[in-house]
file input-v1.pdb (PDB, C-alpha atoms)
ATOM      1  CA  MET A   8     109.643 141.000 100.741
ATOM      2  CA  ALA A   9     109.799 137.273 101.470
ATOM      3  CA  THR A  10     109.555 134.677  98.706
ATOM      4  CA  GLY A  11     106.894 132.060  99.340
ATOM      5  CA  ILE A  12     108.197 128.485  99.343
ATOM      6  CA  TRP A  13     106.688 125.039  99.899
ATOM      7  CA  LEU A  14     108.110 121.908 101.458
ATOM      8  CA  ASP A  15     110.322 120.737  98.575
ATOM      9  CA  GLN A  16     111.891 124.181  98.272
ATOM     10  CA  LEU A  17     112.235 124.473 102.034
ATOM     11  CA  ILE A  18     114.279 121.278 102.134
ATOM     12  CA  GLU A  19     116.541 122.604  99.378
ATOM     13  CA  VAL A  20     117.056 125.873 101.255
ATOM     14  CA  LEU A  21     117.778 124.002 104.482
ATOM     15  CA  ASP A  22     120.396 121.967 102.627
ATOM     16  CA  ARG A  23     122.028 125.286 101.749
ATOM     17  CA  GLY A  24     122.363 126.140 105.438
ATOM     18  CA  ALA A  25     119.313 128.331 105.906
ATOM     19  CA  GLN A  26     118.373 129.667 109.318
ATOM     20  CA  VAL A  27     114.815 128.888 110.331
ATOM     21  CA  VAL A  28     112.689 131.290 112.338
ATOM     22  CA  GLU A  29     109.348 130.503 113.937
ATOM     23  CA  VAL A  30     107.403 133.741 114.348
ATOM     24  CA  LEU A  31     104.679 132.328 116.606
ATOM     25  CA  GLY A  32     104.670 133.056 120.316
ATOM     26  CA  ALA A  33     106.815 131.128 122.789
ATOM     27  CA  ASP A  34     103.810 129.049 123.920
ATOM     28  CA  ASP A  35     103.448 127.682 120.402
ATOM     29  CA  TYR A  36     107.166 127.360 119.758
ATOM     30  CA  ALA A  37     108.150 125.471 122.916
ATOM     31  CA  PRO A  38     106.111 122.266 122.472
ATOM     32  CA  VAL A  39     107.215 121.523 118.929
ATOM     33  CA  HIS A  40     109.108 123.336 116.181
ATOM     34  CA  LEU A  41     111.195 122.623 113.111
ATOM     35  CA  PRO A  42     114.694 121.278 113.839
ATOM     36  CA  GLY A  43     117.097 124.088 114.609
ATOM     37  CA  ALA A  44     114.415 126.777 114.425
ATOM     38  CA  ILE A  45     114.810 129.813 116.627
ATOM     39  CA  ASN A  46     111.866 131.718 118.036
ATOM     40  CA  LEU A  47     111.392 135.361 117.105
ATOM     41  CA  PRO A  48     107.720 136.129 117.813
ATOM     42  CA  LEU A  49     106.237 138.470 115.239
ATOM     43  CA  ARG A  50     105.027 140.924 117.906
ATOM     44  CA  GLN A  51     108.534 141.284 119.260
ATOM     45  CA  LEU A  52     110.366 141.625 115.951
ATOM     46  CA  ASP A  53     112.671 144.601 115.897
ATOM     47  CA  GLU A  54     116.244 145.399 114.827
ATOM     48  CA  GLN A  55     117.665 143.992 118.047
ATOM     49  CA  ALA A  56     115.717 140.744 117.759
ATOM     50  CA  VAL A  57     116.853 140.068 114.209
ATOM     51  CA  SER A  58     120.477 140.872 115.091
ATOM     52  CA  VAL A  59     120.863 137.218 116.155
ATOM     53  CA  LEU A  60     120.473 136.222 112.487
ATOM     54  CA  ASP A  61     123.364 135.813 110.098
ATOM     55  CA  ARG A  62     122.470 138.036 107.131
ATOM     56  CA  GLY A  63     124.919 136.125 104.983
ATOM     57  CA  ARG A  64     122.802 132.957 105.078
ATOM     58  CA  PRO A  65     119.281 132.347 103.787
ATOM     59  CA  ILE A  66     116.506 132.960 106.311
ATOM     60  CA  VAL A  67     113.216 131.055 106.345
ATOM     61  CA  VAL A  68     110.316 132.242 108.452
ATOM     62  CA  TYR A  69     107.181 130.275 109.198
ATOM     63  CA  CYS A  70     104.043 130.437 111.309
ATOM     64  CA  TRP A  71     101.359 127.823 111.991
ATOM     65  CA  ASP A  72      99.720 127.555 108.559
ATOM     66  CA  SER A  73      99.013 129.509 105.401
ATOM     67  CA  LEU A  74      96.087 131.526 106.794
TER      68      LEU A  74
ATOM     69  CA  MET B  26     114.249 135.838 102.951
ATOM     70  CA  TYR B  27     111.789 133.008 102.421
ATOM     71  CA  ASP B  28     108.332 132.364 103.825
ATOM     72  CA  TYR B  29     107.457 128.675 104.292
ATOM     73  CA  VAL B  30     103.857 129.372 103.292
ATOM     74  CA  PRO B  31     102.038 126.219 104.504
ATOM     75  CA  GLY B  32     103.735 126.597 107.897
ATOM     76  CA  LYS B  33     104.455 124.315 110.809
ATOM     77  CA  VAL B  34     101.306 122.254 110.398
ATOM     78  CA  ASP B  35     102.510 121.190 106.938
ATOM     79  CA  TRP B  36     105.859 120.043 108.316
ATOM     80  CA  LEU B  37     104.096 118.059 111.054
ATOM     81  CA  ALA B  38     101.663 116.585 108.559
ATOM     82  CA  HIS B  39     104.539 115.139 106.536
ATOM     83  CA  ASN B  40     105.723 113.260 109.631
ATOM     84  CA  LEU B  41     109.104 114.991 109.592
ATOM     85  CA  GLU B  42     111.469 115.292 112.522
ATOM     86  CA  VAL B  43     110.696 117.995 115.093
ATOM     87  CA  GLU B  44     112.255 119.425 118.226
ATOM     88  CA  GLY B  45     110.637 120.775 121.377
ATOM     89  CA  GLU B  46     109.213 119.828 124.754
ATOM     90  CA  ARG B  47     106.530 117.650 123.163
ATOM     91  CA  ALA B  48     108.530 116.360 120.223
ATOM     92  CA  ASP B  49     108.129 112.812 121.539
ATOM     93  CA  ALA B  50     104.401 113.124 122.256
ATOM     94  CA  PRO B  51     102.428 110.171 120.890
ATOM     95  CA  THR B  52     100.892 110.765 117.489
ATOM     96  CA  VAL B  53      99.314 108.576 114.840
ATOM     97  CA  GLY B  54     102.557 108.773 112.856
ATOM     98  CA  GLY B  55     104.328 106.977 115.688
ATOM     99  CA  VAL B  56     102.185 103.840 115.507
ATOM    100  CA  MET B  57     101.243 103.632 111.852
ATOM    101  CA  ARG B  58     102.592 100.832 109.685
ATOM    102  CA  ASP B  59     103.460 101.100 106.016
ATOM    103  CA  ASP B  60     102.984  97.514 104.835
ATOM    104  CA  VAL B  61      99.389  97.780 103.648
ATOM    105  CA  VAL B  62      98.761  96.460 100.126
ATOM    106  CA  ARG B  63      98.892  99.186  97.477
ATOM    107  CA  CYS B  64      97.530  98.654  94.016
ATOM    108  CA  ALA B  65      96.862 100.582  90.840
ATOM    109  CA  GLN B  66      93.397 101.295  89.481
ATOM    110  CA  THR B  67      93.944  98.860  86.616
ATOM    111  CA  ASP B  68      95.226  95.930  88.697
ATOM    112  CA  ARG B  69      93.070  92.840  88.457
ATOM    113  CA  VAL B  70      90.587  92.157  91.253
ATOM    114  CA  ALA B  71      91.763  88.562  91.748
ATOM    115  CA  ASP B  72      95.432  89.591  91.997
ATOM    116  CA  VAL B  73      94.707  92.311  94.544
ATOM    117  CA  ARG B  74      92.625  89.929  96.635
ATOM    118  CA  GLU B  75      95.495  87.451  96.643
ATOM    119  CA  SER B  76      97.915  90.160  97.828
ATOM    120  CA  ILE B  77      95.552  91.258 100.590
ATOM    121  CA  GLU B  78      95.131  87.679 101.794
ATOM    122  CA  ARG B  79      98.906  87.447 102.224
ATOM    123  CA  SER B  80      98.972  90.732 104.203
ATOM    124  CA  PRO B  81      98.020  91.413 107.833
ATOM    125  CA  TYR B  82      95.149  93.665 106.718
ATOM    126  CA  PRO B  83      91.619  92.979 105.540
ATOM    127  CA  PHE B  84      91.855  95.642 102.819
ATOM    128  CA  GLY B  85      94.161  97.292 100.307
ATOM    129  CA  LEU B  86      94.498 100.829  98.998
ATOM    130  CA  VAL B  87      94.319 102.008  95.428
ATOM    131  CA  THR B  88      96.990 104.643  94.862
ATOM    132  CA  GLY B  89      98.051 106.833  91.959
ATOM    133  CA  GLU B  90     101.547 106.833  90.485
ATOM    134  CA  ASP B  91     102.645 109.456  93.013
ATOM    135  CA  GLY B  92     101.267 107.472  95.953
ATOM    136  CA  THR B  93      98.083 109.483  96.345
ATOM    137  CA  VAL B  94      95.314 107.453  97.947
ATOM    138  CA  LEU B  95      92.434 107.105  95.505
ATOM    139  CA  GLY B  96      90.327 104.424  97.112
ATOM    140  CA  ARG B  97      89.999 101.553  99.545
ATOM    141  CA  VAL B  98      89.260  97.936  98.623
ATOM    142  CA  PRO B  99      88.044  95.517 101.303
ATOM    143  CA  ALA B 100      89.024  91.918 100.571
ATOM    144  CA  SER B 101      85.396  90.944 101.118
ATOM    145  CA  ALA B 102      84.393  93.008  98.064
ATOM    146  CA  LEU B 103      86.875  91.253  95.764
ATOM    147  CA  ASP B 104      85.677  88.260  93.767
ATOM    148  CA  PRO B 105      88.649  85.839  93.584
ATOM    149  CA  ARG B 106      87.619  84.873  90.018
ATOM    150  CA  SER B 107      87.277  88.415  88.674
ATOM    151  CA  LEU B 108      89.842  89.624  86.158
ATOM    152  CA  GLY B 109      88.304  93.103  85.979
ATOM    153  CA  PRO B 110      90.031  96.289  87.205
ATOM    154  CA  VAL B 111      90.008  96.731  90.952
ATOM    155  CA  TRP B 112      88.866 100.343  90.602
ATOM    156  CA  ASP B 113      85.433  99.067  89.547
ATOM    157  CA  VAL B 114      84.821  97.773  93.070
ATOM    158  CA  ALA B 115      86.870 100.278  95.098
ATOM    159  CA  GLU B 116      85.410 102.687  97.639
ATOM    160  CA  PRO B 117      86.718 106.019  96.318
ATOM    161  CA  GLY B 118      87.934 108.898  98.503
ATOM    162  CA  PRO B 119      88.264 107.271 101.921
ATOM    163  CA  LYS B 120      88.614 109.434 105.034
ATOM    164  CA  THR B 121      92.286 110.074 105.819
ATOM    165  CA  PHE B 122      94.255 111.460 108.756
ATOM    166  CA  ARG B 123      97.555 113.331 109.126
ATOM    167  CA  PRO B 124     100.422 111.748 111.090
ATOM    168  CA  HIS B 125     100.564 114.511 113.723
ATOM    169  CA  HIS B 126      96.962 113.932 114.812
ATOM    170  CA  SER B 127      96.614 112.717 118.389
ATOM    171  CA  PHE B 128      95.656 109.162 119.315
ATOM    172  CA  GLU B 129      92.559 110.379 121.125
ATOM    173  CA  ASN B 130      91.178 112.363 118.206
ATOM    174  CA  VAL B 131      91.720 109.648 115.635
ATOM    175  CA  ALA B 132      90.589 106.757 117.832
ATOM    176  CA  GLY B 133      87.502 108.772 118.790
ATOM    177  CA  HIS B 134      86.655 109.471 115.170
ATOM    178  CA  LEU B 135      87.129 105.827 114.181
ATOM    179  CA  ALA B 136      84.902 104.678 117.049
ATOM    180  CA  GLU B 137      82.211 107.207 116.122
ATOM    181  CA  LYS B 138      82.188 106.017 112.511
ATOM    182  CA  LYS B 139      82.557 102.355 113.515
ATOM    183  CA  LEU B 140      85.831 102.082 111.587
ATOM    184  CA  ARG B 141      88.784  99.885 112.544
ATOM    185  CA  TRP B 142      91.554 101.487 110.497
ATOM    186  CA  ALA B 143      92.948 104.969 109.995
ATOM    187  CA  ILE B 144      94.569 105.758 106.653
ATOM    188  CA  VAL B 145      97.404 108.225 107.187
ATOM    189  CA  THR B 146      98.513 110.542 104.393
ATOM    190  CA  THR B 147     100.407 113.757 103.775
ATOM    191  CA  PRO B 148      98.316 116.912 103.199
ATOM    192  CA  GLU B 149      98.615 116.181  99.457
ATOM    193  CA  GLY B 150      97.037 112.763 100.011
ATOM    194  CA  ARG B 151     100.142 110.605  99.590
ATOM    195  CA  LEU B 152      99.956 107.420 101.591
ATOM    196  CA  LEU B 153     102.201 107.219 104.659
ATOM    197  CA  GLY B 154     100.678 104.205 106.391
ATOM    198  CA  VAL B 155      97.729 102.831 108.316
ATOM    199  CA  ALA B 156      96.973 102.552 112.032
ATOM    200  CA  SER B 157      94.437 100.310 113.696
ATOM    201  CA  ARG B 158      91.939 101.644 116.219
ATOM    202  CA  GLU B 159      93.048  98.881 118.534
ATOM    203  CA  ASP B 160      96.692 100.026 118.405
ATOM    204  CA  LEU B 161      95.690 103.663 118.911
ATOM    205  CA  GLU B 162      93.521 102.863 121.930
ATOM    206  CA  ARG B 163      96.212 100.625 123.426
ATOM    207  CA  ALA B 164      99.001 103.164 122.862
ATOM    208  CA  GLY B 165      96.888 106.084 124.123
TER     209      GLY B 165
END

call {"tool": "encode", "arguments": {"input": "input-v1.pdb", "output": "structure tokens"}}
result
Amino acid sequence: MATGIWLDQLIEVLDRGAQVVEVLGADDYAPVHLPGAINLPLRQLDEQAVSVLDRGRPIVVYCWDSL
Amino acid sequence: MYDYVPGKVDWLAHNLEVEGERADAPTVGGVMRDDVVRCAQTDRVADVRESIERSPYPFGLVTGEDGTVLGRVPASALDPRSLGPVWDVAEPGPKTFRPHHSFENVAGHLAEKKLRWAIVTTPEGRLLGVASREDLERAG
């Protein structure tokens, strides 16, 4: 279960070396995304996809908005 | 694992750095200026008018302690002899825009409402700057 965070907390987590994952599709990711974010679209998430992540570091996921 | 609940739109709306194919696309945040006069609700009308007259803008913005925009005060509404609080003559709750909004959208809205200036804030309402319709139309 993911812990919900807001901007101030996100910046703290990023300072701790978090990996950032955008779960929108590639068409949304390509134009603009958070610095250093990688794209793992929600519909394609599986064990293989998440194997690119370092489980020893914090992971932050985000989509377009809170809805 | 963490979920950045407000999402990408919140990051964009705070005018923070981004990457991507359109990271350099023109937005309101790219042309806004942050030298508009800010004042507190209790500041004296005459003092605020004096500050506005020394600025490049025909208005000032009333902000809270945390920078939240509370109201707009056109210089023309400020009596240079008045020692009363500026909040008494402010226009509360002005329309605001986010920095990632496109030139076209904001300039179009300003033209429709016959406004010359866009007030740019974070989603929480904290002032980031102002952009003129003229600058937006020229840059677009």

call {"tool": "atom_distance", "arguments": {"input": "input-v1.pdb", "atom1": "atom CA of Ser58 of chain A", "atom2": "atom CA of Val43 of chain B"}}
result
24.9 Å

call {"tool": "residues_around", "arguments": {"input": "input-v1.pdb", "residues": "Leu60 of chain A", "least_positions_apart": "3", "cutoff": "12 Å", "atoms": "all atoms listed in the file", "output": "short mmCIF file (atom, residue, chain, number, x, y, z; two decimals) with C-alpha atoms, keeping the file's coordinate frame"}}
result
data_model
loop_
_atom_site.label_atom_id
_atom_site.label_comp_id
_atom_site.auth_asym_id
_atom_site.auth_seq_id
_atom_site.Cartn_x
_atom_site.Cartn_y
_atom_site.Cartn_z
CA ALA A 25 119.31 128.33 105.91
CA GLN A 26 118.37 129.67 109.32
CA VAL A 27 114.82 128.89 110.33
CA VAL A 28 112.69 131.29 112.34
CA ALA A 44 114.42 126.78 114.42
CA ILE A 45 114.81 129.81 116.63
CA ASN A 46 111.87 131.72 118.04
CA LEU A 47 111.39 135.36 117.10
CA LEU A 52 110.37 141.62 115.95
CA ASP A 53 112.67 144.60 115.90
CA GLU A 54 116.24 145.40 114.83
CA GLN A 55 117.66 143.99 118.05
CA ALA A 56 115.72 140.74 117.76
CA VAL A 57 116.85 140.07 114.21
CA GLY A 63 124.92 136.12 104.98
CA ARG A 64 122.80 132.96 105.08
CA PRO A 65 119.28 132.35 103.79
CA ILE A 66 116.51 132.96 106.31
CA VAL A 67 113.22 131.06 106.34
CA VAL A 68 110.32 132.24 108.45
CA MET B 26 114.25 135.84 102.95
#

call {"tool": "resolve_selection", "arguments": {"input": "input-v1.pdb", "expression": "the ChimeraX specification (/B :<7) & /A", "output": "PyMOL selection string"}}
result
chain A and resi 9-13+17+37-42+65-73

call {"tool": "resolve_selection", "arguments": {"input": "input-v1.pdb", "expression": "the PyMOL selection byres ((chain B and resi 116-126) around 8)", "output": "NGL selection string"}}
result
:B and (37-40 or 52-55 or 94-98 or 114-115 or 127-128 or 130-131 or 143-148 or 150)

call {"tool": "atom_distance", "arguments": {"input": "input-v1.pdb", "atom1": "atom CA of Met8 of chain A", "atom2": "atom CA of Pro48 of chain A"}}
result
17.9 Å

call {"tool": "atom_distance", "arguments": {"input": "input-v1.pdb", "atom1": "atom CA of Thr67 of chain B", "atom2": "atom CA of Ala156 of chain B"}}
result
25.9 Å

call {"tool": "residues_around", "arguments": {"input": "input-v1.pdb", "residues": "Glu78 of chain B", "least_positions_apart": "6", "cutoff": "12 Å", "atoms": "all atoms listed in the file", "output": "ChimeraX atom specification"}}
result
/B:61-62,71-72,84-85,99-101,103,105

call {"tool": "axis_aligned_box", "arguments": {"input": "input-v1.pdb", "around": "segment 11-19 of chain A", "padding_each_side": "3 Å", "output": "AutoDock Vina command-line options"}}
result
--center_x 111.6 --center_y 126.4 --center_z 100.2 --size_x 15.9 --size_y 17.3 --size_z 9.9

call {"tool": "closest_residue", "arguments": {"input": "input-v1.pdb", "among": "B:Cys64, B:Ala136, B:Leu152, B:Met57", "to": "Trp112 of chain B", "atoms": "all atoms listed in the file"}}
result
B:Cys64

call {"tool": "decode", "arguments": {"input": "input-v1.pdb", "residues": "chain A", "atoms": "C-alpha atoms", "output": "compact mmCIF listing (two decimals), in the first residue's frame"}}
result
# COMPACT_ATOMS: atom_id res chain seq x y z
CA MET A 8 0.00 0.00 0.00
CA ALA A 9 1.43 3.38 -1.00
CA THR A 10 1.58 6.29 1.44
CA GLY A 11 0.01 9.46 0.09
CA ILE A 12 2.35 12.46 0.04
CA TRP A 13 2.10 16.08 -1.08
CA LEU A 14 4.66 18.41 -2.60
CA ASP A 15 6.65 19.27 0.54
CA GLN A 16 7.00 15.59 1.43
CA LEU A 17 7.81 14.69 -2.16
CA ILE A 18 10.74 17.10 -2.14
CA GLU A 19 12.02 15.56 1.10
CA VAL A 20 11.77 12.06 -0.37
CA LEU A 21 13.53 13.17 -3.54
CA ASP A 22 16.33 14.58 -1.40
CA ARG A 23 16.69 11.09 0.05
CA GLY A 24 17.30 9.67 -3.42
CA ALA A 25 13.83 8.43 -4.28
CA GLN A 26 13.06 6.97 -7.68
CA VAL A 27 10.13 8.61 -9.41
CA VAL A 28 7.70 6.68 -11.58
CA GLU A 29 5.06 8.19 -13.85
CA VAL A 30 2.29 5.64 -14.35
CA LEU A 31 0.53 7.46 -17.19
CA GLY A 32 0.87 6.26 -20.76
CA ALA A 33 3.87 7.11 -22.93
CA ASP A 34 1.88 9.81 -24.79
CA ASP A 35 1.43 11.69 -21.53
CA TYR A 36 4.91 11.00 -20.22
CA ALA A 37 6.91 12.05 -23.28
CA PRO A 38 5.94 15.75 -23.50
CA VAL A 39 6.66 16.62 -19.89
CA HIS A 40 7.43 14.73 -16.69
CA LEU A 41 9.14 15.21 -13.35
CA PRO A 42 12.95 15.36 -13.51
CA GLY A 43 14.44 11.89 -13.57
CA ALA A 44 11.06 10.16 -13.67
CA ILE A 45 10.81 6.86 -15.50
CA ASN A 46 7.68 5.73 -17.27
CA LEU A 47 5.95 2.55 -16.15
CA PRO A 48 2.38 2.81 -17.47
CA LEU A 49 -0.15 1.39 -15.04
CA ARG A 50 -1.63 -0.95 -17.67
CA GLN A 51 1.75 -2.51 -18.30
CA LEU A 52 2.84 -2.91 -14.69
CA ASP A 53 4.06 -6.39 -13.95
CA GLU A 54 6.99 -8.05 -12.15
CA GLN A 55 9.26 -7.58 -15.15
CA ALA A 56 8.41 -3.90 -15.51
CA VAL A 57 9.14 -3.10 -11.88
CA SER A 58 12.42 -5.05 -11.98
CA VAL A 59 14.09 -1.85 -13.26
CA LEU A 60 13.47 -0.29 -9.83
CA ASP A 61 15.93 -0.42 -6.98
CA ARG A 62 13.94 -1.85 -4.06
CA GLY A 63 16.50 -0.46 -1.65
CA ARG A 64 15.52 3.14 -2.41
CA PRO A 65 12.22 4.93 -1.87
CA ILE A 66 9.81 4.82 -4.82
CA VAL A 67 7.34 7.58 -5.64
CA VAL A 68 4.57 7.02 -8.15
CA TYR A 69 2.37 9.70 -9.64
CA CYS A 70 -0.29 10.17 -12.29
CA TRP A 71 -1.88 13.34 -13.69
CA ASP A 72 -3.87 14.55 -10.67
CA SER A 73 -5.63 13.34 -7.55
CA LEU A 74 -8.79 12.10 -9.30
